[in-house]
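Q: One structure, pasted below without further comment.
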Amino acid sequence: MSAAPELLLLLPLALLALQASLCHGACVELDSETEAVANEGFKLSCISCKMRGEVQAVATVNWYFKASDETEFSHLYSYDDGTPEIIDQRFYERLFWNGSKNTKDLQDGSIYILNVTFNDTGTYQCIFSRILTYANYEFQTNTSKTIVMKVVPRLTRGLASILSEVMMYVSIIGLQLWLVVEMIYCYRKIAAAGEEALRESAAEYLAIASESKDNCAGEQVAE
């Protein structure tokens with residue numbers, strides 16, 4: 001009978017643990033890369049997180065593309081209810097879905113381009129159309145993200161990356177120099193303390209020897 005209250009206390013914890021195990025991973029909205037290399041693959045990232053994960057939702061994703069020499073967007077790609085459709089003929093057999101799978105509640109609408117060409121340079125627009133289902137009503141939201149992609153012959157390093165690497169090496173060298181200075185300082189301090197201890201020991205020894213000599217001289221005079 002005494003174990004019953006303990007079981008009642010452990011039951012909510014077990015339910016919380018079970019619920020946590022069933023939860024999906026946290027959604028984080030990261031910006032897409034913008035520099036693609038010619039003749040290689042490139043991922044255009046588009047993530048739109050829900051504010052409240054417990055709300056049921058259905059989402060569709062549409063991509064639009066405007067080349068660097070064009071003035072208007074053209075419909076590029078559509079993903080609705082697990083069905084992908086490449087609309088722009090320039091991307092046939094080169095464009096694949098790289099977002100959320102096996103769910104209608106899309107939060108990752110990323111796509112992947114194979115064999116990137118210089119003609120793929122331009123502005124890409126990703127639009128999430130999401131219907132949120134509440135107890136008594138539905139609410140529709142639209143989220144748009146724009147990515148300006150540049151195609152280069154080979155990947156170049158940005159100035160920020162170069163500066164961060166230089167600062168890292170400078171920090172490492174500075175830390176090593178500081179450690180060397182600290183070691184020299186500690187060595188000198190230990191050496192000085194050792195010399196002081198030796199001087200004190202020598203003085204103490206001389207004082208004892210002098211006292212012993214005086215005692216011996218006093219005994220000889222007394223005799």
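Each chain in the structure tokens gets a letter, A, B and so on, in the order shown; residues start at 1 in every chain, and ligands are counted from 1 in the order they appear.
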Excluding A:Ala135 and its own-chain neighbours fewer than 4 positions away, which residues fall within 12 Å of it when counting only C-alpha atoms? Please give them as a ChimeraX atom specification.
A: /A:55-56,139
Q: Which residues are close to A:Phe128, i.e. within 8 Å by only C-alpha atoms, leaving aside same-chain residues fewer than 5 positions away? Reply as a compact mmCIF listing (two decimals) with C-alpha atoms, in the first residue's frame.
A:
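The resulting result-v1.txt:
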```
# COMPACT_ATOMS: atom_id res chain seq x y z
CA SER A 48 9.63 28.46 -42.32
CA ALA A 59 1.53 23.66 -46.16
CA THR A 60 2.49 23.96 -49.81
CA VAL A 61 5.71 25.42 -51.19
CA ASN A 62 6.19 27.30 -54.45
CA GLY A 109 10.97 23.76 -48.34
CA THR A 141 -0.52 32.42 -43.60
CA ASN A 142 2.00 33.11 -46.35
CA THR A 143 5.74 33.39 -45.77
CA SER A 144 8.17 34.54 -48.44
```
Q: So the first atom is atom CA of A:Ser74 and the second is atom CA of A:Lys104; what is the distance between them in Å, to one decimal place?
A: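 Interatomic distance here is 24.9 Å.
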Q: Please identify all polymer residues within 8 Å of A:Ala67, counting only C-alpha atoms, omitting same-chain residues fewer than 2 positions from it, and present them as a ChimeraX atom specification.
A: /A:65,69-71,119-123
Q: Selected residues, N, CA, C and O atoms, written as a compact mmCIF listing (two decimals), in the first residue's frame, please.
A:
```txt
# COMPACT_ATOMS: atom_id res chain seq x y z
N PHE A 65 11.61 32.05 -59.95
CA PHE A 65 12.98 32.36 -60.38
C PHE A 65 12.97 33.55 -61.33
O PHE A 65 12.12 33.64 -62.24
N ASP A 69 19.18 38.55 -66.14
CA ASP A 69 18.84 39.42 -67.27
C ASP A 69 17.34 39.53 -67.47
O ASP A 69 16.88 40.01 -68.51
N GLU A 70 16.52 39.11 -66.49
CA GLU A 70 15.07 39.17 -66.59
C GLU A 70 14.51 40.19 -65.60
O GLU A 70 15.17 40.57 -64.62
N THR A 71 13.30 40.62 -65.85
CA THR A 71 12.68 41.64 -65.00
C THR A 71 11.51 41.09 -64.18
O THR A 71 11.05 41.76 -63.26
N ASN A 119 23.73 30.23 -66.22
CA ASN A 119 22.38 30.75 -66.48
C ASN A 119 21.47 30.67 -65.26
O ASN A 119 20.40 31.28 -65.25
N ASP A 120 21.89 29.90 -64.25
CA ASP A 120 21.09 29.78 -63.03
C ASP A 120 21.29 30.96 -62.09
O ASP A 120 20.62 31.06 -61.06
N THR A 121 22.22 31.85 -62.42
CA THR A 121 22.43 33.05 -61.62
C THR A 121 21.18 33.92 -61.63
O THR A 121 20.60 34.16 -62.69
N GLY A 122 20.76 34.35 -60.46
CA GLY A 122 19.58 35.20 -60.40
C GLY A 122 18.96 35.20 -59.02
O GLY A 122 19.60 34.84 -58.03
N THR A 123 17.70 35.59 -58.96
CA THR A 123 16.97 35.73 -57.70
C THR A 123 15.92 34.63 -57.61
O THR A 123 15.11 34.45 -58.53
```
Q: Do you know which residues are at most 7 Å from A:His75 counting only C-alpha atoms, after dropping those on the same chain fewer than 4 positions away, and could you put them as a PyMOL selection string?
A: chain A and resi 63-65+87-88
Q: Residues of the last selection are to be written out with N, CA and C atoms, as a JSON list (two decimals), in the first residue's frame.
A:
```json
[["chain", "number", "residue", "atom", "x", "y", "z"],
["A", 63, "TRP", "N", 8.25, 27.79, -55.59],
["A", 63, "TRP", "CA", 9.48, 28.52, -55.87],
["A", 63, "TRP", "C", 9.31, 29.31, -57.17],
["A", 64, "TYR", "N", 9.92, 30.51, -57.19],
["A", 64, "TYR", "CA", 9.91, 31.36, -58.37],
["A", 64, "TYR", "C", 11.34, 31.79, -58.68],
["A", 65, "PHE", "N", 11.61, 32.05, -59.95],
["A", 65, "PHE", "CA", 12.98, 32.36, -60.38],
["A", 65, "PHE", "C", 12.97, 33.55, -61.33],
["A", 87, "ILE", "N", 8.18, 23.27, -63.05],
["A", 87, "ILE", "CA", 7.40, 24.04, -64.02],
["A", 87, "ILE", "C", 8.29, 24.72, -65.04],
["A", 88, "ASP", "N", 9.44, 25.23, -64.62],
["A", 88, "ASP", "CA", 10.36, 25.91, -65.53],
["A", 88, "ASP", "C", 11.17, 24.86, -66.30]]
```
Q: To one decimal place in Å, what is the distance between atom CA of A:Ile113 and atom CA of A:Phe42?
A: 5.3 Å
Q: How would you write, as an NGL selection string, the set of residues in stretch 34-222 of chain A that DSSP gives as strand (DSSP E or B)?
A: :A and (35-37 or 42-44 or 47 or 56-67 or 74-80 or 83-86 or 95-97 or 108 or 111-113 or 122-133 or 138-152)
Q: For A:Val152, list every protein, DNA or RNA residue within 10 Å, evaluated using only C-alpha atoms, and leave out those in the same chain fewer than 6 positions away; present the list as a list in words.
A: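 The contact residues come out as Glu35, Ala36, Val37, Ala38, Asn39, Val116, Thr117, Phe118 and Thr121 of chain A.
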Q: What lies within 10 Å of A:Cys27 using only C-alpha atoms, ignoring chain neighbours under 2 positions off, as JSON, numbers by chain?
A: {"A": [24, 25, 29, 30, 47, 48, 49, 50, 51, 53, 107, 108]}
Q: Since we have the selection now, will you write its residues out, keeping N, CA, C and O atoms, as a tab-separated table (two decimals), in the first residue's frame?
A:
```
chain	number	residue	atom	x	y	z
A	24	HIS	N	8.94	16.28	-32.27
A	24	HIS	CA	9.87	16.46	-33.37
A	24	HIS	C	11.02	17.37	-32.94
A	24	HIS	O	10.94	18.09	-31.94
A	25	GLY	N	12.12	17.34	-33.72
A	25	GLY	CA	13.24	18.18	-33.40
A	25	GLY	C	12.89	19.65	-33.58
A	25	GLY	O	11.95	20.01	-34.28
A	29	GLU	N	15.39	28.46	-38.39
A	29	GLU	CA	15.40	29.11	-39.70
A	29	GLU	C	16.80	29.64	-40.00
A	29	GLU	O	17.24	30.65	-39.43
A	30	LEU	N	17.50	28.95	-40.89
A	30	LEU	CA	18.84	29.34	-41.29
A	30	LEU	C	18.82	29.93	-42.69
A	30	LEU	O	18.05	29.48	-43.55
A	47	ILE	N	13.41	27.62	-45.04
A	47	ILE	CA	12.80	27.04	-43.85
A	47	ILE	C	11.85	28.06	-43.24
A	47	ILE	O	12.22	29.22	-43.04
A	48	SER	N	10.63	27.61	-42.95
A	48	SER	CA	9.63	28.46	-42.32
A	48	SER	C	9.05	27.69	-41.13
A	48	SER	O	8.30	26.72	-41.31
A	49	CYS	N	9.40	28.09	-39.92
A	49	CYS	CA	8.98	27.40	-38.70
A	49	CYS	C	7.63	27.93	-38.22
A	49	CYS	O	7.34	29.12	-38.32
A	50	LYS	N	6.82	27.04	-37.67
A	50	LYS	CA	5.57	27.46	-37.04
A	50	LYS	C	5.86	28.05	-35.67
A	50	LYS	O	6.79	27.63	-34.98
A	51	MET	N	5.06	29.01	-35.27
A	51	MET	CA	5.24	29.62	-33.95
A	51	MET	C	4.86	28.64	-32.84
A	51	MET	O	5.47	28.62	-31.78
A	53	GLY	N	4.22	24.59	-32.26
A	53	GLY	CA	4.35	23.29	-32.88
A	53	GLY	C	3.16	22.38	-32.69
A	53	GLY	O	2.94	21.45	-33.47
A	107	GLN	N	7.84	22.36	-43.09
A	107	GLN	CA	8.57	23.48	-42.49
A	107	GLN	C	9.89	23.73	-43.22
A	107	GLN	O	10.46	24.80	-43.11
A	108	ASP	N	10.38	22.72	-43.92
A	108	ASP	CA	11.60	22.85	-44.72
A	108	ASP	C	11.21	22.71	-46.18
A	108	ASP	O	10.78	21.64	-46.63
```
